[in-house]
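First the structure, in the form of structure tokens, and then the observations on it.
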Amino acid sequence: MPIKESEWIWFDGDFVPWADAKVHVLSHALHYGSSVFEGIRAYKTPQGVAVFRLAAHVKRLFNSCKIAHMPVPYTAEQTSQAIVETVRRNKLSSCYIRPLVFRGYEVLGVDPRSCPVHMIVAAFEWGTYLGAEAIEQGVDVGISSWRRMAPDTFPSMAKIGGHYVNSQFMVMEARDRGFSEAIGLDIYGYVSEGSGENLFVVVDGIIYTPPLGASILGGITRDSVITIARDLGYEVREQLIPREMLYIADEVFFTGTAAEVTPIRSVDGQPVGEGHRGPITAKIQEQFFGITQGKLPDRYHWLHYV
Ligand code: PPE
């Protein structure tokens, strides 16, 4: 799906027209994946447009940059302002926001540290990630033959551009096999995550999700869902998940900023539970979308009004 262009992109402190937000072809990030990014959503609520968990996303951006040895030339406050201003200036309501910090043009060679660090913030309309019906109907997924990164190869807690080469292999293979998305196993063979989503599994009323040590990104939607589920009275266990637990699960679902809360109806061609969205997934969705769309009280202070 082509990007729905908006008018302005925040680029190193200035708003530039969408078509003029350009970099040199010898920019370091283009050659070696030396970038860090965030994916954030803003939602239309009856009280106005609100950015979901802005502070948590800005914090993770800075943490990723710290892990990547990429000093951000702006403060967290300036970054938050840039994000809010980008939504406002483009007169967007519900939208996806993509901040990106990257190594630019100066030298070639692997060590990025003499290249300048730039930051952009783009925002644009972006509908449901895995298709319009996915939120209700669920998606069909397959276990990838590509493993997630080993803990001592790439730091999975950092949202670094280069990591997404692995995600690209996973999702291309999945789609070639007729699935919407892939589930990656970690290097030890335990369930890790999707190419761009965290994963939850429900068995006998208990909710399981892989721990940070299973080569996952510490998802902000994951954290939100854990909070919601525990408040609903469910036990949530962050623990290693063997692959076969997916085949006997009552419910499985993805979480992510882009994917939101998306049910999984089959894994490797085997139906999950009854083969459609399960009741716990539905309850969590109701809370998640209720809060993001301003229909339920913002009891965790997750909304930052634009
Ligand atoms: N794991 C990965 C690998 C990942 O990329 C994401 C977000 C998540 C988990 C969920 O994290 P969070 O969004 O904080 O709940 N993936 C982003 C990029 C998707 C894309 O295609 O680009 C996103 O959802 O914005």
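Identifiers in this document derive from the order of the structure tokens: chains are assigned A, B, ..., residues are numbered from 1 separately in each chain, and ligands are numbered from 1 in order of occurrence.
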Nearby polymer residues, ligand 1, at most 10 Å, only C-alpha atoms and all ligand atoms, as a ChimeraX atom specification: /A:37-41,53,56-57,60,96-98,129-130,148,156-161,163-164,166-168,171,184,192-199,215-225,254-261
Counting only C-alpha atoms, what are the residues of region 94-151 of chain A within 10 Å of region 284-299 of chain A, and for each of them which pair of atoms is the nearest and at what distance in Å, to one decimal? Sort the table by chain and rising number, as a tab-separated table.
```
residue	atom	partner	partner_atom	distance
A:Ser94	CA	A:Gln293	CA	9.4
A:Ile135	CA	A:Gln285	CA	8.7
A:Glu136	CA	A:Gln285	CA	9.6
```
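DSSP annotation of region 210-293 of chain A from backbone atoms: strand (DSSP E or B) residues are Val236, Arg237, Glu238, Pro242, Glu251, Val252, Phe253, Phe254, Thr255, Gly256, Glu260, Val261, Thr262, Pro263, Ile264, Arg265, Ser266, Val267, Gln270 and Pro271 of chain A.
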Taking only C-alpha atoms into account, name the residue in A:Phe200, A:Tyr305, A:Phe15, A:Tyr247 that is nearest to Ile280 (chain A).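 Using only C-alpha atoms, Ile280 (chain A) sits closest to A:Phe200.
These are the residues of region 191-271 of chain A assigned helix (DSSP H, G or I) by DSSP from backbone coordinates: Leu212, Gly213, Ala214, Ile220, Thr221, Arg222, Asp223, Ser224, Val225, Ile226, Thr227, Ile228, Ala229, Arg230, Asp231, Glu244, Met245, Leu246, Tyr247 and Ile248 of chain A.
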List the spatial neighbours of Cys115 (chain A) as an MDAnalysis selection string - criterion: any atom at most 10 Å away, only C-alpha atoms, same-chain residues fewer than 2 positions off excluded. chainID A and resid 27:29 70 102:108 111:113 117:118
Which residues come within 12 Å of Gly233 (chain A), counting only C-alpha atoms, excluding same-chain residues fewer than 2 positions away, as a CSV table (one decimal) with C-alpha atoms, in the first residue's frame?
```csv
chain,number,residue,atom,x,y,z
A,205,GLY,CA,-7.6,-18.7,30.8
A,206,ILE,CA,-4.0,-17.7,31.5
A,207,ILE,CA,-2.2,-15.3,29.2
A,226,ILE,CA,-0.3,-6.6,30.0
A,227,THR,CA,-1.6,-3.7,32.1
A,228,ILE,CA,-5.2,-4.0,30.7
A,229,ALA,CA,-5.3,-7.8,31.1
A,230,ARG,CA,-4.1,-7.7,34.7
A,231,ASP,CA,-6.7,-5.1,35.5
A,235,GLU,CA,-3.0,-13.8,35.1
A,236,VAL,CA,-0.3,-12.7,32.7
A,280,ILE,CA,-10.3,-12.8,26.0
A,283,LYS,CA,-12.3,-8.2,25.9
A,284,ILE,CA,-8.7,-6.8,25.6
```
Smallest atom-to-atom distance to Pro271 (chain A): which of A:Tyr188, A:Ile241, A:Asp176, A:Val141, using only C-alpha atoms? A:Val141
When you count only C-alpha atoms, which of these residues is closest to Cys65 (chain A): A:Val36, A:Val202, A:Ala134, A:Ile183? A:Val36
If we count only C-alpha atoms and set the cut-off at 10 Å, which residues sit around Gly275 (chain A), ignoring sequence neighbours fewer than 4 positions away in its own chain? Please answer as a VMD selection string. chain A and resid 137 to 140 250 to 251 263 to 267 270 to 271
Might you pull out every residue within 9 Å of Glu5 (chain A), with only C-alpha atoms counted and same-chain residues fewer than 6 positions away left off, and present them as an mmCIF file with C-alpha atoms, in the first residue's frame?
```cif
data_model
loop_
_atom_site.group_PDB
_atom_site.id
_atom_site.type_symbol
_atom_site.label_atom_id
_atom_site.label_comp_id
_atom_site.auth_asym_id
_atom_site.auth_seq_id
_atom_site.Cartn_x
_atom_site.Cartn_y
_atom_site.Cartn_z
ATOM 1 C CA TRP A 18 6.865 16.204 1.964
ATOM 2 C CA ALA A 123 3.001 11.508 10.078
ATOM 3 C CA PHE A 124 0.399 10.155 7.708
ATOM 4 C CA GLU A 125 -2.846 8.231 7.578
#
```
Report, in Å with one decimal, the straight-line distance from CA of Gly189 (chain A) to CA of Arg237 (chain A). 18.7 Å
